[in-house]
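Structure first, then comments.
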2 protein chains.
Amino acid sequence: MGVTIYDIAERAGVSIATVSRVFNNSTRVSDATRARVLMVARELEYQPHASAQSLARRRTSLVSAIIPMMANYFFVEVLRGLQDRLAESEFDLLVYSTPTMAEMDGQIERALHRGRAAGLLLASTPLTKNHVEALKRSGQPVVLVDSFHAEFDSVSIDNEQGGYLATRYLVDQGYRRIGMIAAHPTSVPSIQRRVGYEKALLEAGMEVCEDRIVVSSDRAFDGYTEQAGGIGMQALLRRKPRPDAVFVVSDMQALGALQAAGEAGLRVPEDIAVIGFDDIVVSKYVGLSTLRQPMYEMGKLAVEKLLLRIQHPDHPTSHTVFAPRLISRQTTRGSSSISSAPFGDGR
Amino acid sequence: MGVTIYDIAERAGVSIATVSRVFNNSTRVSDATRARVLMVARELEYQPHASAQSLARRRTSLVSAIIPMMANYFFVEVLRGLQDRLAESEFDLLVYSTPTMAEMDGQIERALHRGRAAGLLLASTPLTKNHVEALKRSGQPVVLVDSFHAEFDSVSIDNEQGGYLATRYLVDQGYRRIGMIAAHPTSVPSIQRRVGYEKALLEAGMEVCEDRIVVSSDRAFDGYTEQAGGIGMQALLRRKPRPDAVFVVSDMQALGALQAAGEAGLRVPEDIAVIGFDDIVVSKYVGLSTLRQPMYEMGKLAVEKLLLRIQHPDHPTSHTVFAPRLISRQTTRGSSSISSAPFGDGR
DNA sequence: GTGAAAGCGCTAACAT
DNA sequence: ATGTTAGCGCTTTCAC
């Protein structure tokens with residue numbers, strides 16, 4: 001069925017070795033033969049066989065990305081970054097996504113299939129000891145996006161700083177009873193953001209009040225869901241006195257929180273202010289104040305690191321931490337926007 | 001480096017054929033040997049080599065999906081559908097995405113790399129004669145999502161019906177000067193939706209007025225962009241008399257249109273109503289009335305068809321057309337929503 | 001500069 | 001039930 005180098009070799013009157021050489025434009029091949037081979041190849045519409053190449057070369061031109069919960073638009077931006085950078089390289093992208101965290105292990109295993117991919121990009125995945133073991137044993141280049149482990153390259157965000165900036169901003173806007181909606185207690189980013197939150201409060205001479213911090217019990221996606229955000233807000237609204245502002249650890253949750261506030265008959269930000277984290281696409285349209293993560297750039301850089309490591313497996317491990325940026329919109333007082341919500345806010 | 005069947009065969013005291021048999025749990029292998037092989041394999045953490053398998057089997061367990069413009073969240077939903085269905089199969093997914101349509105040809109070629117993928121999913125890609133030729137010659141199973149060609153399996157949406165429903169709805173709500181913002185004049189879905197639009201107008205005894213139809217000159221993504229929508233709306237607002245409602249052929253454009261209306265100081269839907277097409281995730285939050293495409297389901301079905309065709313290359317070609325569904329929200333009068341915009345609208 | 005030949009790790013007849 | 005062997009299509013020494 002497929003045209004092979006044998007076909008070309010025959011028609012061009014050369015050996016298969018020469019054909020191979022032409023395509024790997026390696027060692028010297030006379031211009032004449034090269035031209036002849038190329039011509040025949042074009043004529044026959046020759047395409048090298050991907051699997052045969054990987055097998056013979058002992059390396060593949062595929063990299064895998066494991067992306068949890070594509071429903072969260074955070075990851076879509078990351079994915080775009082990966083794609084764009086990868087398009088400039090020789091590598092193609094295998095995408096493994098997990099609708100629930102439970103499937104994570106299976107997907108990792110699938111992605112680690114020997115000879116399949118030259119490297120692995122892992123997004124927002126809390127690494128268990130077992131994972132780390134498996135990854136290290138596989139010997140595959142691995143880059144972590146939006147998570148951290150000392151032994152793997154990573155690109156992430158300064159979560160503590162983000163929590164601090166968000167809270168500090170609320171303080172500066174004059175809010176005095178600042179609550180927080182966190183994710184699952186085991187989620188590292190959530191924990192770090194909370195540290196920043198508490199720091200800002202303390203620094204402002206305010207008390208950290210356990211009663212104003214709601215933690216999600218949702219194991220599904222560590223509670224980074226709209227639903228969990230809604231539940232969190234409902235819980236917060238029952239507190240007396242009611243918080244006048246709340247820092248939500250993700251935009252996805254913030255969306256749910258906003259809805260819950262609306263359903264409770266409260267106006268945002270007059271009755272209660274909300275600030276999120278991530279700056280997913282929806283946030284702009286909803287007018288949600290938030291801390292922006294440069295997701296697209298993180299994706300691009302992750303690929304950069306991966307390609308580097310594929311080439312130089314012994315290159316020292318590096319960790320890049322981006323700074324989150326405060327984006328002030330309509331769900332907090334003090335927005336600098338001059339046009340009307342929700343369509344007046346550019347990025 | 002990698003553990004091969006030779007290693008296992010040796011340690012288990014059998015031939016490589018037997019090892020292979022165990023893993024392809026094919027023909028009868030005595031329970032004893034099978035157990036022994038499996039044990040050794042586990043011990044050595046054996047994993048079959050993907051490329052070697054594809055080469056020997058003469059088939060791969062990869063399928064490719066070409067997704068234009070991932071920035072448009074329409075495709076993310078499709079991608080989720082693809083993923084979810086694929087996860088249940090033996091196939092892994094290669095994703096090729098094109099930031100601009102210009103890269104399309106390159107990506108198709110890349111995806112068609114011989115021996116790479118067992119099939120190809122093509123989303124929203126207007127097929128040129130050349131494409132069709134290339135695809136047919138490649139002999140690869142192809143399924144079209146959100147586009148149509150008689151010679152390939154496809155799953156798409158009834159665009160004309162959608163345009164009709166949207167317009168008819170506006171008519172029923174009492175609007176009398178109904179404009180339309182189309183995409184690039186060559187875009188087939190846009191053309192079809194316009195047919196429906198005109199049909200509804202005529203049926204209602206209204207005139208089709210060229211002056212109220214704005215066509216995008218944006219070649220980038222056939223004009224399915226926020227920016228193009230904004231420009232379209234601006235043009236429409238200059239008409240006298242100004243339209244009192246407008247059917248926009250995509251939510252992405254509708255978003256831009258809404259923004260433009262806001263900037264012109266108009267209220268939606270009081271001064272001008274807007275209805276879109278797609279029901280992307282953002283639409284719900286913005287309160288945009290629209291026609292829903294079951295994107296996720298379309299993705300799933302596309303995979304279904306592809307898997308079927310991979311198994312039965314000669315199976316007759318089939319085309320599935322989904323019916324769009326009207327989703328009434330706050331950008332048109334007559335929304336059935338009872339809570340306040342923009343957070344009060346569930347799906 | 002070019003060719004012969006030995007793999008890469010596996011599958012799939014064909015034997016036994 | 002298990003072993004032998006010939007590929008799959010390519011890359012890559014090693015000769016000439």
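We label chains A, B, ... in the order they appear in the structure tokens, count residues from 1 in each chain, and number ligands from 1 in the order shown.
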
Worksheet item: range 45-60 of chain B: which residues within 6 Å, counting only C-alpha atoms (C1' of nucleotides), same-chain residues fewer than 4 positions away excluded, as an NGL selection string?
Response: (:A and (51-52 or 55 or 114-116)) or (:B and (3 or 41 or 117-118)) or (:C and (9-11)) or (:D and (8))

Discussion item. Taking only range 150-280 of chain A into account, list the residues labelled alpha helix (DSSP H) by DSSP (computed from the backbone), as an MDAnalysis selection string.
Written reply: chainID A and resid 159:172 188:203 226:237 251:263

Over all C-alpha pairs taken in sequence order, what does chain A look like after a least-squares fit onto chain B? Please give it as a tab-separated table (two decimals) with C-alpha atoms, in the first residue's frame.
```tsv
chain	number	residue	atom	x	y	z
A	1	MET	CA	17.33	0.75	28.25
A	2	GLY	CA	13.76	-0.45	27.82
A	3	VAL	CA	12.67	-3.92	28.78
A	4	THR	CA	11.82	-5.94	25.68
A	5	ILE	CA	10.08	-9.19	25.07
A	6	TYR	CA	13.52	-10.74	24.72
A	7	ASP	CA	14.29	-9.96	28.32
A	8	ILE	CA	11.04	-11.50	29.40
A	9	ALA	CA	11.40	-14.51	27.17
A	10	GLU	CA	14.80	-15.21	28.61
A	11	ARG	CA	13.80	-14.85	32.23
A	12	ALA	CA	10.66	-16.88	31.73
A	13	GLY	CA	12.38	-19.56	29.71
A	14	VAL	CA	10.13	-19.23	26.70
A	15	SER	CA	10.40	-17.80	23.20
A	16	ILE	CA	9.55	-14.26	22.28
A	17	ALA	CA	6.64	-15.56	20.26
A	18	THR	CA	5.04	-16.86	23.38
A	19	VAL	CA	5.55	-13.61	25.21
A	20	SER	CA	3.95	-11.80	22.34
A	21	ARG	CA	1.05	-14.22	22.42
A	22	VAL	CA	0.47	-13.61	26.07
A	23	PHE	CA	0.19	-9.91	25.54
A	24	ASN	CA	-2.06	-10.21	22.58
A	25	ASN	CA	-3.92	-12.79	24.64
A	26	SER	CA	-4.58	-14.49	21.41
A	27	THR	CA	-4.10	-18.16	20.68
A	28	ARG	CA	-3.88	-20.74	23.39
A	29	VAL	CA	-1.00	-20.45	25.73
A	30	SER	CA	-0.96	-22.80	28.68
A	31	ASP	CA	-2.14	-21.16	31.86
A	32	ALA	CA	1.12	-21.99	33.51
A	33	THR	CA	3.33	-20.23	30.97
A	34	ARG	CA	0.95	-17.33	30.72
A	35	ALA	CA	1.14	-16.83	34.46
A	36	ARG	CA	4.90	-17.11	34.46
A	37	VAL	CA	5.30	-14.62	31.63
A	38	LEU	CA	2.92	-12.19	33.22
A	39	MET	CA	4.79	-12.41	36.47
A	40	VAL	CA	8.15	-11.75	34.95
A	41	ALA	CA	6.68	-8.92	32.92
A	42	ARG	CA	5.26	-7.30	36.01
A	43	GLU	CA	8.51	-7.74	37.80
A	44	LEU	CA	10.46	-6.09	35.04
A	45	GLU	CA	7.75	-3.50	34.53
A	46	TYR	CA	7.55	-4.39	30.91
A	47	GLN	CA	5.72	-2.08	28.57
A	48	PRO	CA	5.35	-2.85	24.90
A	49	HIS	CA	7.03	-0.39	22.61
A	50	ALA	CA	4.37	1.62	20.86
A	51	SER	CA	6.21	2.27	17.61
A	52	ALA	CA	7.40	-1.29	17.29
A	53	GLN	CA	3.87	-2.50	17.70
A	54	SER	CA	2.45	-0.15	15.13
A	55	LEU	CA	5.13	-1.11	12.69
A	56	ALA	CA	4.66	-4.82	13.10
A	57	ARG	CA	0.91	-4.68	13.26
A	58	ARG	CA	0.67	-2.30	10.40
A	59	ARG	CA	-1.74	-0.15	12.29
A	60	THR	CA	-1.45	2.53	14.90
A	61	SER	CA	-3.54	3.32	17.93
A	62	LEU	CA	-3.54	7.05	17.39
A	63	VAL	CA	-6.14	9.23	15.81
A	64	SER	CA	-5.65	12.85	14.86
A	65	ALA	CA	-7.97	15.75	15.29
A	66	ILE	CA	-7.51	19.00	13.49
A	67	ILE	CA	-9.14	21.82	15.35
A	68	PRO	CA	-8.97	25.31	13.98
A	69	MET	CA	-8.83	28.23	16.31
A	70	MET	CA	-8.93	26.80	19.72
A	71	ALA	CA	-9.48	30.33	20.93
A	72	ASN	CA	-13.06	29.80	19.93
A	73	TYR	CA	-14.59	27.88	22.74
A	74	PHE	CA	-16.86	26.09	20.41
A	75	PHE	CA	-14.03	23.71	19.69
A	76	VAL	CA	-13.15	23.07	23.24
A	77	GLU	CA	-16.50	21.43	23.76
A	78	VAL	CA	-16.02	19.34	20.67
A	79	LEU	CA	-12.60	18.37	21.91
A	80	ARG	CA	-14.03	17.29	25.23
A	81	GLY	CA	-16.46	15.06	23.44
A	82	LEU	CA	-13.66	13.53	21.41
A	83	GLN	CA	-11.57	12.93	24.50
A	84	ASP	CA	-14.29	11.35	26.51
A	85	ARG	CA	-15.25	8.89	23.85
A	86	LEU	CA	-11.68	8.12	22.94
A	87	ALA	CA	-10.77	7.42	26.54
A	88	GLU	CA	-12.96	4.36	26.36
A	89	SER	CA	-11.17	3.10	23.29
A	90	GLU	CA	-7.67	1.90	22.64
A	91	PHE	CA	-6.87	5.10	20.78
A	92	ASP	CA	-4.94	8.11	21.91
A	93	LEU	CA	-5.53	11.53	20.50
A	94	LEU	CA	-3.18	13.72	18.53
A	95	VAL	CA	-4.34	17.30	18.46
A	96	TYR	CA	-3.41	19.68	15.71
A	97	SER	CA	-4.71	23.15	16.09
A	98	THR	CA	-4.31	26.08	13.83
A	99	PRO	CA	-4.10	29.60	15.19
A	100	THR	CA	-4.93	30.81	11.69
A	101	MET	CA	-6.53	29.12	8.73
A	102	ALA	CA	-3.40	29.64	6.70
A	103	GLU	CA	-1.70	26.86	8.60
A	104	MET	CA	-4.46	24.43	7.78
A	105	ASP	CA	-2.72	22.73	4.90
A	106	GLY	CA	0.44	22.22	6.83
A	107	GLN	CA	-1.41	20.69	9.72
A	108	ILE	CA	-3.40	18.40	7.51
A	109	GLU	CA	-0.23	17.21	5.92
A	110	ARG	CA	1.35	16.68	9.29
A	111	ALA	CA	-1.63	14.72	10.48
A	112	LEU	CA	-1.62	12.62	7.36
A	113	HIS	CA	1.95	11.53	7.95
A	114	ARG	CA	1.92	7.90	6.96
A	115	GLY	CA	1.60	5.40	9.73
A	116	ARG	CA	1.00	8.11	12.23
A	117	ALA	CA	-2.71	7.95	12.84
A	118	ALA	CA	-5.42	5.46	12.10
A	119	GLY	CA	-7.94	8.12	11.36
A	120	LEU	CA	-8.56	11.82	11.15
A	121	LEU	CA	-11.17	14.06	12.69
A	122	LEU	CA	-11.58	17.36	10.95
A	123	ALA	CA	-13.47	20.11	12.71
A	124	SER	CA	-15.06	23.05	10.96
A	125	THR	CA	-12.74	22.94	8.06
A	126	PRO	CA	-13.90	24.15	4.69
A	127	LEU	CA	-12.52	21.49	2.37
A	128	THR	CA	-10.90	22.65	-0.81
A	129	LYS	CA	-10.64	20.39	-3.83
A	130	ASN	CA	-7.03	19.81	-2.95
A	131	HIS	CA	-7.86	18.77	0.57
A	132	VAL	CA	-10.43	16.32	-0.64
A	133	GLU	CA	-7.92	14.89	-3.06
A	134	ALA	CA	-5.22	14.58	-0.45
A	135	LEU	CA	-7.56	13.02	2.07
A	136	LYS	CA	-8.90	10.49	-0.37
A	137	ARG	CA	-5.47	9.57	-1.62
A	138	SER	CA	-4.24	9.08	1.90
A	139	GLY	CA	-6.85	6.39	2.24
A	140	GLN	CA	-7.31	7.35	5.84
A	141	PRO	CA	-10.66	7.20	7.56
A	142	VAL	CA	-11.91	10.74	7.91
A	143	VAL	CA	-14.82	12.18	9.82
A	144	LEU	CA	-15.96	15.74	9.43
A	145	VAL	CA	-17.32	17.64	12.41
A	146	ASP	CA	-19.35	20.75	11.78
A	147	SER	CA	-18.83	20.62	8.07
A	148	PHE	CA	-20.05	18.53	5.21
A	149	HIS	CA	-18.78	16.70	2.20
A	150	ALA	CA	-20.67	13.94	0.47
A	151	GLU	CA	-17.71	11.62	0.39
A	152	PHE	CA	-16.83	11.68	4.06
A	153	ASP	CA	-18.71	10.73	7.18
A	154	SER	CA	-19.89	13.80	8.96
A	155	VAL	CA	-21.75	15.14	11.92
A	156	SER	CA	-23.04	18.63	11.68
A	157	ILE	CA	-25.87	20.93	12.55
A	158	ASP	CA	-28.89	22.06	10.59
A	159	ASN	CA	-27.71	25.57	9.90
A	160	GLU	CA	-30.65	26.67	7.83
A	161	GLN	CA	-33.04	25.52	10.48
A	162	GLY	CA	-30.99	27.37	13.06
A	163	GLY	CA	-31.10	30.60	11.10
A	164	TYR	CA	-34.79	30.12	10.63
A	165	LEU	CA	-35.50	29.46	14.30
A	166	ALA	CA	-33.45	32.42	15.45
A	167	THR	CA	-35.12	34.82	13.09
A	168	ARG	CA	-38.57	33.45	13.60
A	169	TYR	CA	-38.11	33.87	17.33
A	170	LEU	CA	-37.19	37.51	16.86
A	171	VAL	CA	-40.24	37.97	14.67
A	172	ASP	CA	-42.44	36.34	17.26
A	173	GLN	CA	-41.08	38.63	19.94
A	174	GLY	CA	-42.32	41.55	17.92
A	175	TYR	CA	-39.13	42.81	16.36
A	176	ARG	CA	-39.68	44.37	12.98
A	177	ARG	CA	-36.35	45.50	11.61
A	178	ILE	CA	-34.27	42.41	11.96
A	179	GLY	CA	-30.71	42.65	10.78
A	180	MET	CA	-28.10	39.99	10.41
A	181	ILE	CA	-24.37	39.80	10.96
A	182	ALA	CA	-22.91	37.07	8.79
A	183	ALA	CA	-19.43	35.65	8.52
A	184	HIS	CA	-17.21	35.69	5.48
A	185	PRO	CA	-19.28	35.31	2.30
A	186	THR	CA	-17.57	32.02	1.50
A	187	SER	CA	-18.43	30.39	4.79
A	188	VAL	CA	-20.93	27.65	4.14
A	189	PRO	CA	-22.55	27.56	7.60
A	190	SER	CA	-23.01	31.30	7.44
A	191	ILE	CA	-24.61	31.06	4.02
A	192	GLN	CA	-26.98	28.37	5.19
A	193	ARG	CA	-27.97	30.26	8.29
A	194	ARG	CA	-28.71	33.22	6.14
A	195	VAL	CA	-31.02	31.16	3.99
A	196	GLY	CA	-32.96	30.31	7.14
A	197	TYR	CA	-32.98	33.93	8.15
A	198	GLU	CA	-34.42	35.05	4.86
A	199	LYS	CA	-36.96	32.28	4.85
A	200	ALA	CA	-38.27	33.29	8.26
A	201	LEU	CA	-38.49	36.90	7.21
A	202	LEU	CA	-40.34	36.10	4.02
A	203	GLU	CA	-42.66	33.74	5.81
A	204	ALA	CA	-43.54	36.54	8.21
A	205	GLY	CA	-44.32	38.78	5.31
A	206	MET	CA	-41.26	40.92	5.90
A	207	GLU	CA	-38.78	42.07	3.33
A	208	VAL	CA	-35.22	40.84	3.08
A	209	CYS	CA	-33.26	44.02	3.09
A	210	GLU	CA	-29.65	43.80	1.88
A	211	ASP	CA	-28.95	46.90	3.82
A	212	ARG	CA	-29.56	45.09	7.05
A	213	ILE	CA	-27.17	42.27	6.33
A	214	VAL	CA	-23.55	42.78	7.17
A	215	VAL	CA	-21.01	40.36	5.83
A	216	SER	CA	-17.55	40.10	7.29
A	217	SER	CA	-14.60	40.70	5.07
A	218	ASP	CA	-12.35	39.12	7.64
A	219	ARG	CA	-10.61	36.17	6.08
A	220	ALA	CA	-8.86	35.25	9.32
A	221	PHE	CA	-11.37	32.77	10.62
A	222	ASP	CA	-14.02	33.44	8.10
A	223	GLY	CA	-15.00	36.29	10.35
A	224	TYR	CA	-16.08	34.17	13.28
A	225	THR	CA	-14.32	36.46	15.69
A	226	GLU	CA	-15.26	38.88	18.39
A	227	GLN	CA	-13.65	41.69	16.50
A	228	ALA	CA	-15.51	41.00	13.29
A	229	GLY	CA	-18.73	40.96	15.28
A	230	GLY	CA	-17.97	44.35	16.73
A	231	ILE	CA	-17.29	45.83	13.34
A	232	GLY	CA	-20.45	44.27	11.99
A	233	MET	CA	-22.54	45.80	14.72
A	234	GLN	CA	-21.00	49.21	14.23
A	235	ALA	CA	-21.90	49.06	10.56
A	236	LEU	CA	-25.44	48.00	11.37
A	237	LEU	CA	-25.90	50.81	13.86
A	238	ARG	CA	-25.22	53.37	11.17
A	239	ARG	CA	-28.20	52.23	9.12
A	240	LYS	CA	-31.34	54.35	9.12
A	241	PRO	CA	-33.64	53.23	10.45
A	242	ARG	CA	-31.55	51.30	12.89
A	243	PRO	CA	-32.43	47.60	13.22
A	244	ASP	CA	-34.25	46.70	16.40
A	245	ALA	CA	-32.82	43.17	16.50
A	246	VAL	CA	-29.99	41.26	14.97
A	247	PHE	CA	-29.22	37.65	14.30
A	248	VAL	CA	-25.49	37.04	14.57
A	249	VAL	CA	-24.19	33.82	13.03
A	250	SER	CA	-21.94	32.96	15.97
A	251	ASP	CA	-21.72	33.69	19.66
A	252	MET	CA	-18.15	34.77	19.30
A	253	GLN	CA	-19.24	37.53	16.94
A	254	ALA	CA	-22.27	38.25	19.08
A	255	LEU	CA	-19.98	39.01	22.00
A	256	GLY	CA	-18.22	41.63	19.93
A	257	ALA	CA	-21.57	42.94	18.73
A	258	LEU	CA	-22.83	43.33	22.29
A	259	GLN	CA	-19.76	45.24	23.23
A	260	ALA	CA	-20.15	47.54	20.24
A	261	ALA	CA	-23.78	48.16	21.13
A	262	GLY	CA	-22.75	49.00	24.67
A	263	GLU	CA	-20.14	51.40	23.46
A	264	ALA	CA	-22.69	53.09	21.25
A	265	GLY	CA	-24.75	53.70	24.35
A	266	LEU	CA	-27.48	51.29	23.44
A	267	ARG	CA	-29.20	48.96	25.85
A	268	VAL	CA	-29.74	45.33	25.02
A	269	PRO	CA	-32.41	44.18	24.41
A	270	GLU	CA	-34.42	47.40	24.89
A	271	ASP	CA	-32.75	49.32	22.07
A	272	ILE	CA	-31.53	46.38	20.11
A	273	ALA	CA	-31.91	42.66	20.61
A	274	VAL	CA	-29.18	40.17	19.83
A	275	ILE	CA	-29.30	36.48	19.23
A	276	GLY	CA	-26.25	34.37	18.46
A	277	PHE	CA	-25.43	30.85	17.40
A	278	ASP	CA	-23.43	28.08	19.12
A	279	ASP	CA	-24.03	28.55	22.81
A	280	ILE	CA	-20.45	28.66	23.86
A	281	VAL	CA	-19.76	28.62	27.57
A	282	VAL	CA	-19.46	32.35	27.89
A	283	SER	CA	-22.93	32.88	26.49
A	284	LYS	CA	-24.61	31.60	29.58
A	285	TYR	CA	-22.81	34.09	31.79
A	286	VAL	CA	-23.39	36.97	29.48
A	287	GLY	CA	-27.04	36.11	29.13
A	288	LEU	CA	-26.79	35.82	25.38
A	289	SER	CA	-29.77	34.29	23.61
A	290	THR	CA	-28.58	31.82	21.05
A	291	LEU	CA	-29.03	28.58	19.18
A	292	ARG	CA	-27.35	25.75	20.90
A	293	GLN	CA	-25.25	23.26	19.04
A	294	PRO	CA	-24.69	20.06	20.95
A	295	MET	CA	-20.94	20.35	20.53
A	296	TYR	CA	-19.95	17.79	23.08
A	297	GLU	CA	-22.30	15.21	21.65
A	298	MET	CA	-21.12	16.00	18.16
A	299	GLY	CA	-17.59	15.28	19.26
A	300	LYS	CA	-18.53	11.99	20.79
A	301	LEU	CA	-20.48	10.85	17.79
A	302	ALA	CA	-17.68	11.84	15.46
A	303	VAL	CA	-15.35	9.50	17.29
A	304	GLU	CA	-17.97	6.80	17.18
A	305	LYS	CA	-18.13	7.10	13.44
A	306	LEU	CA	-14.41	7.18	13.09
A	307	LEU	CA	-13.90	4.04	15.11
A	308	LEU	CA	-16.54	2.34	13.06
A	309	ARG	CA	-14.90	3.33	9.83
A	310	ILE	CA	-11.47	2.28	11.01
A	311	GLN	CA	-12.90	-1.15	11.54
A	312	HIS	CA	-15.05	-1.21	8.45
A	313	PRO	CA	-13.50	0.94	5.77
A	314	ASP	CA	-16.22	0.00	3.33
A	315	HIS	CA	-19.13	0.78	5.55
A	316	PRO	CA	-21.44	3.18	3.77
A	317	THR	CA	-20.82	6.85	4.39
A	318	SER	CA	-23.21	8.46	6.84
A	319	HIS	CA	-24.14	12.00	7.69
A	320	THR	CA	-25.71	13.03	10.95
A	321	VAL	CA	-27.39	16.38	11.26
A	322	PHE	CA	-28.33	17.67	14.67
A	323	ALA	CA	-31.09	20.12	15.27
A	324	PRO	CA	-30.10	23.38	16.93
A	325	ARG	CA	-32.07	24.40	19.98
A	326	LEU	CA	-33.23	27.86	20.84
A	327	ILE	CA	-31.91	29.19	24.12
A	328	SER	CA	-33.66	32.31	25.23
A	329	ARG	CA	-31.74	34.55	27.60
A	330	GLN	CA	-31.48	38.24	28.34
A	331	THR	CA	-30.31	39.73	25.07
A	332	THR	CA	-33.72	39.24	23.59
A	333	ARG	CA	-37.08	40.19	24.94
A	334	GLY	CA	-39.25	37.36	26.13
A	335	SER	CA	-36.65	35.57	28.13
A	336	SER	CA	-38.33	33.23	30.55
A	337	SER	CA	-35.64	33.84	33.10
A	338	ILE	CA	-36.88	35.21	36.39
A	339	SER	CA	-33.68	36.11	38.14
A	340	SER	CA	-31.38	38.97	37.41
A	341	ALA	CA	-28.79	39.09	34.68
A	342	PRO	CA	-26.16	38.00	34.21
A	343	PHE	CA	-26.06	35.32	36.83
A	344	GLY	CA	-29.55	34.04	36.93
A	345	ASP	CA	-29.60	31.73	34.00
A	346	GLY	CA	-29.01	28.04	34.33
A	347	ARG	CA	-28.56	25.74	31.40
```

Which residues of chain C sit at most 9 Å from chain A, using only C-alpha atoms (C1' of nucleotides)? Give each one's shortest atom pair and distance in Å (one decimal place), in chain and ascending residue order, as CSV.
```
residue,atom,partner,partner_atom,distance
C:DG1,C1',A:Val29,CA,5.7
C:DT2,C1',A:Thr18,CA,6.8
C:DG3,C1',A:Ser15,CA,6.2
C:DG7,C1',A:Ala56,CA,8.3
C:DC8,C1',A:Ala56,CA,4.7
C:DG9,C1',A:Leu55,CA,7.7
```

Practice prompt. With a cut-off of 9 Å and counting only C-alpha atoms (C1' of nucleotides), select all residues of chain D in contact with chain A and give the selection as number ranges by chain.
Written response: D: 8-12

Practice prompt. Could you give me, as a PyMOL selection string, each residue of range 61-295 of chain A that DSSP assigns to strand (DSSP E) when run on this structure's backbone?
Written response: chain A and resi 62-68+92-98+119-123+142-145+153-157+178-181+213-214+245-248+273-275+290-292
